[in-house]
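Okay, so here's the structure we're looking at.
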Amino acid sequence: MKYTKSNLCQLGWLSCMGCCGHKFADKLTVAKGIEKNTLEYHKHVEGGKTLKDYMNRSHELRDCGVCRNVVYDIKNDSLYCPLHPEINKGDDLRIDHKYCDIMHVCKTAYFFDLWEAPMKKEFIRFLRKKKKEGLDWYNYSKGMADDSLLAEFEGLKWD
């Protein structure tokens, strides 16, 4: 089986890590976990180790619920997985990793990919408005994972 891309995972101005763990703690605790991941990632890369070395340093989630592979890109103010095929030149190192469900697509992304172009544009406008109101990577990820952003958007459609 092969990973199926969803356009909502990485929008460029907003990134999701909703499927990169379970039962996330509060934002500060998750951010500290991702900061540790990022420092470990740079230490591995700068130390000449491979991405497989980085991936295999642990197969357990951090106590905050996030995967140990998720890192922060300060230049783009976004989160990403260096094992992901779009980051890793097409090679998907997430395959067979204990907590990487490469076939996972959240309900919101699933429906988004089925919508016609005008509905997709409307949803993106909705997300941009939410971003201006303070939607960040943490709340975006939680909202995607628990379908609350989809529910809010659909609720607006029927008001």
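How things are named: the first chain in the structure tokens is A, the next is B, and so on; residues count from 1 in each chain; ligands count from 1 in the order shown.
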Please produce, as CSV, a per-residue contact table for region 35-147 of chain A versus region 11-22 of chain A (criterion: any atom at most 6 Å away, only C-alpha atoms considered), showing the nearest atom pair and its distance in Å to one decimal, sorted by chain then residue number.
residue,atom,partner,partner_atom,distance
A:Gly65,CA,A:His22,CA,5.1
A:Val66,CA,A:Gly21,CA,4.4
A:Cys67,CA,A:Gly21,CA,5.1
A:Ser78,CA,A:Ser15,CA,5.6
A:Leu79,CA,A:Ser15,CA,5.9
A:Trp137,CA,A:Ser15,CA,5.7
A:Ser141,CA,A:Gly18,CA,4.3
A:Lys142,CA,A:Gly18,CA,5.9
A:Ala145,CA,A:Gly18,CA,5.0
With N, CA and C atoms retained, could you export that selection as a compact mmCIF listing (two decimals), in the first residue's frame?
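Ended up saving to part01.txt:
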# COMPACT_ATOMS: atom_id res chain seq x y z
N GLY A 65 2.46 12.79 23.86
CA GLY A 65 1.61 12.16 22.85
C GLY A 65 2.07 12.33 21.42
N VAL A 66 3.13 13.10 21.19
CA VAL A 66 3.58 13.37 19.81
C VAL A 66 4.67 12.38 19.41
N CYS A 67 4.70 12.07 18.13
CA CYS A 67 5.74 11.20 17.56
C CYS A 67 7.09 11.88 17.72
N SER A 78 6.55 26.04 10.53
CA SER A 78 5.71 24.88 10.27
C SER A 78 6.33 23.62 10.86
N LEU A 79 5.51 22.60 10.95
CA LEU A 79 5.93 21.29 11.42
C LEU A 79 6.05 20.36 10.23
N TRP A 137 -0.67 25.83 14.60
CA TRP A 137 -0.40 24.44 14.26
C TRP A 137 -1.05 23.48 15.23
N SER A 141 -4.11 21.15 14.09
CA SER A 141 -3.91 19.69 14.17
C SER A 141 -5.02 19.02 14.97
N LYS A 142 -5.33 19.58 16.11
CA LYS A 142 -6.41 19.01 16.94
C LYS A 142 -7.75 19.10 16.22
N ALA A 145 -7.82 16.48 13.51
CA ALA A 145 -7.88 15.12 14.06
C ALA A 145 -9.24 14.80 14.67
List every residue of region 60-152 of chain A that DSSP, applied to the backbone of this structure, places in strand (DSSP E or B), and write the result as a ChimeraX atom specification. /A:66,71-73,78-80
Selection above as a file: C-alpha atoms, as a CSV table (one decimal), in the first residue's frame:
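This is the output file part_14.csv:
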chain,number,residue,atom,x,y,z
A,66,VAL,CA,3.6,13.4,19.8
A,71,VAL,CA,10.2,18.6,13.9
A,72,TYR,CA,9.7,22.3,13.6
A,73,ASP,CA,11.0,24.4,10.7
A,78,SER,CA,5.7,24.9,10.3
A,79,LEU,CA,5.9,21.3,11.4
A,80,TYR,CA,7.0,18.4,9.3
DSSP on the backbone: which residues in region 73-128 of chain A end up as helix (DSSP H, G or I)? Give the answer as a list in words.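 Of region 73-128 of chain A, only Lys107, Thr108, Ala109, Tyr110, Phe111, Phe112, Asp113, Leu114, Ala117, Pro118, Met119, Lys120, Lys121, Glu122, Phe123, Ile124, Arg125, Phe126, Leu127 and Arg128 of chain A fall in helix (DSSP H, G or I).
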Selection from above, N, CA and C atoms, as a PDB file, in the first residue's frame, can you write it?
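Wrote it out as selection-v8.pdb, contents follow:
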ATOM      1  N   LYS A 107     -10.927  12.608   8.486  1.00  0.00           N
ATOM      2  CA  LYS A 107     -12.234  12.785   7.852  1.00  0.00           C
ATOM      3  C   LYS A 107     -12.282  14.089   7.050  1.00  0.00           C
ATOM      4  N   THR A 108     -11.723  15.157   7.609  1.00  0.00           N
ATOM      5  CA  THR A 108     -11.749  16.452   6.932  1.00  0.00           C
ATOM      6  C   THR A 108     -10.992  16.383   5.607  1.00  0.00           C
ATOM      7  N   ALA A 109      -9.791  15.822   5.624  1.00  0.00           N
ATOM      8  CA  ALA A 109      -8.997  15.715   4.396  1.00  0.00           C
ATOM      9  C   ALA A 109      -9.681  14.801   3.387  1.00  0.00           C
ATOM     10  N   TYR A 110     -10.295  13.750   3.873  1.00  0.00           N
ATOM     11  CA  TYR A 110     -10.998  12.823   2.987  1.00  0.00           C
ATOM     12  C   TYR A 110     -12.109  13.548   2.224  1.00  0.00           C
ATOM     13  N   PHE A 111     -12.964  14.272   2.966  1.00  0.00           N
ATOM     14  CA  PHE A 111     -14.061  14.985   2.317  1.00  0.00           C
ATOM     15  C   PHE A 111     -13.554  16.128   1.448  1.00  0.00           C
ATOM     16  N   PHE A 112     -12.536  16.832   1.919  1.00  0.00           N
ATOM     17  CA  PHE A 112     -11.959  17.930   1.143  1.00  0.00           C
ATOM     18  C   PHE A 112     -11.552  17.450  -0.244  1.00  0.00           C
ATOM     19  N   ASP A 113     -10.908  16.309  -0.302  1.00  0.00           N
ATOM     20  CA  ASP A 113     -10.441  15.782  -1.581  1.00  0.00           C
ATOM     21  C   ASP A 113     -11.583  15.368  -2.500  1.00  0.00           C
ATOM     22  N   LEU A 114     -12.776  15.172  -1.957  1.00  0.00           N
ATOM     23  CA  LEU A 114     -13.951  14.822  -2.762  1.00  0.00           C
ATOM     24  C   LEU A 114     -14.737  16.043  -3.242  1.00  0.00           C
ATOM     25  N   ALA A 117     -14.083  22.202  -6.703  1.00  0.00           N
ATOM     26  CA  ALA A 117     -13.143  23.311  -6.489  1.00  0.00           C
ATOM     27  C   ALA A 117     -13.743  24.491  -5.715  1.00  0.00           C
ATOM     28  N   PRO A 118     -14.977  24.935  -6.004  1.00  0.00           N
ATOM     29  CA  PRO A 118     -15.512  26.079  -5.244  1.00  0.00           C
ATOM     30  C   PRO A 118     -15.631  25.793  -3.740  1.00  0.00           C
ATOM     31  N   MET A 119     -16.029  24.587  -3.392  1.00  0.00           N
ATOM     32  CA  MET A 119     -16.152  24.216  -1.973  1.00  0.00           C
ATOM     33  C   MET A 119     -14.771  24.165  -1.324  1.00  0.00           C
ATOM     34  N   LYS A 120     -13.776  23.662  -2.043  1.00  0.00           N
ATOM     35  CA  LYS A 120     -12.403  23.629  -1.523  1.00  0.00           C
ATOM     36  C   LYS A 120     -11.906  25.047  -1.250  1.00  0.00           C
ATOM     37  N   LYS A 121     -12.160  25.954  -2.199  1.00  0.00           N
ATOM     38  CA  LYS A 121     -11.737  27.348  -2.022  1.00  0.00           C
ATOM     39  C   LYS A 121     -12.417  27.973  -0.810  1.00  0.00           C
ATOM     40  N   GLU A 122     -13.680  27.643  -0.624  1.00  0.00           N
ATOM     41  CA  GLU A 122     -14.426  28.172   0.513  1.00  0.00           C
ATOM     42  C   GLU A 122     -13.835  27.664   1.835  1.00  0.00           C
ATOM     43  N   PHE A 123     -13.451  26.397   1.856  1.00  0.00           N
ATOM     44  CA  PHE A 123     -12.849  25.835   3.069  1.00  0.00           C
ATOM     45  C   PHE A 123     -11.495  26.480   3.352  1.00  0.00           C
ATOM     46  N   ILE A 124     -10.699  26.695   2.319  1.00  0.00           N
ATOM     47  CA  ILE A 124      -9.398  27.353   2.490  1.00  0.00           C
ATOM     48  C   ILE A 124      -9.608  28.781   3.002  1.00  0.00           C
ATOM     49  N   ARG A 125     -10.604  29.489   2.465  1.00  0.00           N
ATOM     50  CA  ARG A 125     -10.929  30.835   2.972  1.00  0.00           C
ATOM     51  C   ARG A 125     -11.308  30.776   4.446  1.00  0.00           C
ATOM     52  N   PHE A 126     -12.095  29.769   4.801  1.00  0.00           N
ATOM     53  CA  PHE A 126     -12.488  29.553   6.198  1.00  0.00           C
ATOM     54  C   PHE A 126     -11.245  29.363   7.073  1.00  0.00           C
ATOM     55  N   LEU A 127     -10.297  28.556   6.621  1.00  0.00           N
ATOM     56  CA  LEU A 127      -9.071  28.317   7.387  1.00  0.00           C
ATOM     57  C   LEU A 127      -8.218  29.584   7.486  1.00  0.00           C
ATOM     58  N   ARG A 128      -8.138  30.358   6.406  1.00  0.00           N
ATOM     59  CA  ARG A 128      -7.372  31.613   6.437  1.00  0.00           C
ATOM     60  C   ARG A 128      -7.981  32.579   7.451  1.00  0.00           C
TER      61      ARG A 128
END
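The space between CA of Asp96 (chain A) and CA of Ser6 (chain A) spans 20.3 Å.
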Would you mind listing what lies within 9 Å of region 26-31 of chain A as a PDB file with C-alpha atoms, in the first residue's frame, with only C-alpha atoms counted and same-chain residues fewer than 3 positions away left out?
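What follows is the written file result.pdb:
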ATOM      1  CA  ILE A  34       8.667  18.917  19.274  1.00  0.00           C
ATOM      2  CA  GLU A  35      11.513  21.209  20.338  1.00  0.00           C
ATOM      3  CA  LYS A  36      13.369  18.184  21.745  1.00  0.00           C
ATOM      4  CA  ARG A  62       6.878  11.290  23.741  1.00  0.00           C
ATOM      5  CA  ASP A  63       4.954  11.567  27.018  1.00  0.00           C
ATOM      6  CA  CYS A  64       3.060  14.515  25.488  1.00  0.00           C
ATOM      7  CA  GLY A  65       1.612  12.155  22.854  1.00  0.00           C
ATOM      8  CA  VAL A  66       3.575  13.366  19.814  1.00  0.00           C
ATOM      9  CA  TYR A 138      -1.624  22.929  17.539  1.00  0.00           C
ATOM     10  CA  ASN A 139      -5.284  23.904  17.220  1.00  0.00           C
TER      11      ASN A 139
END
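What separates CA of Arg57 (chain A) from CA of His44 (chain A) is a distance of 9.9 Å.
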Could you list, as a ChimeraX atom specification, every residue within 7 Å of Asp92 (chain A), counting only C-alpha atoms and ignoring same-chain residues fewer than 5 positions away? /A:83-85
Distance CA of Leu39 (chain A)-CA of Gly134 (chain A), one decimal place? 26.3 Å
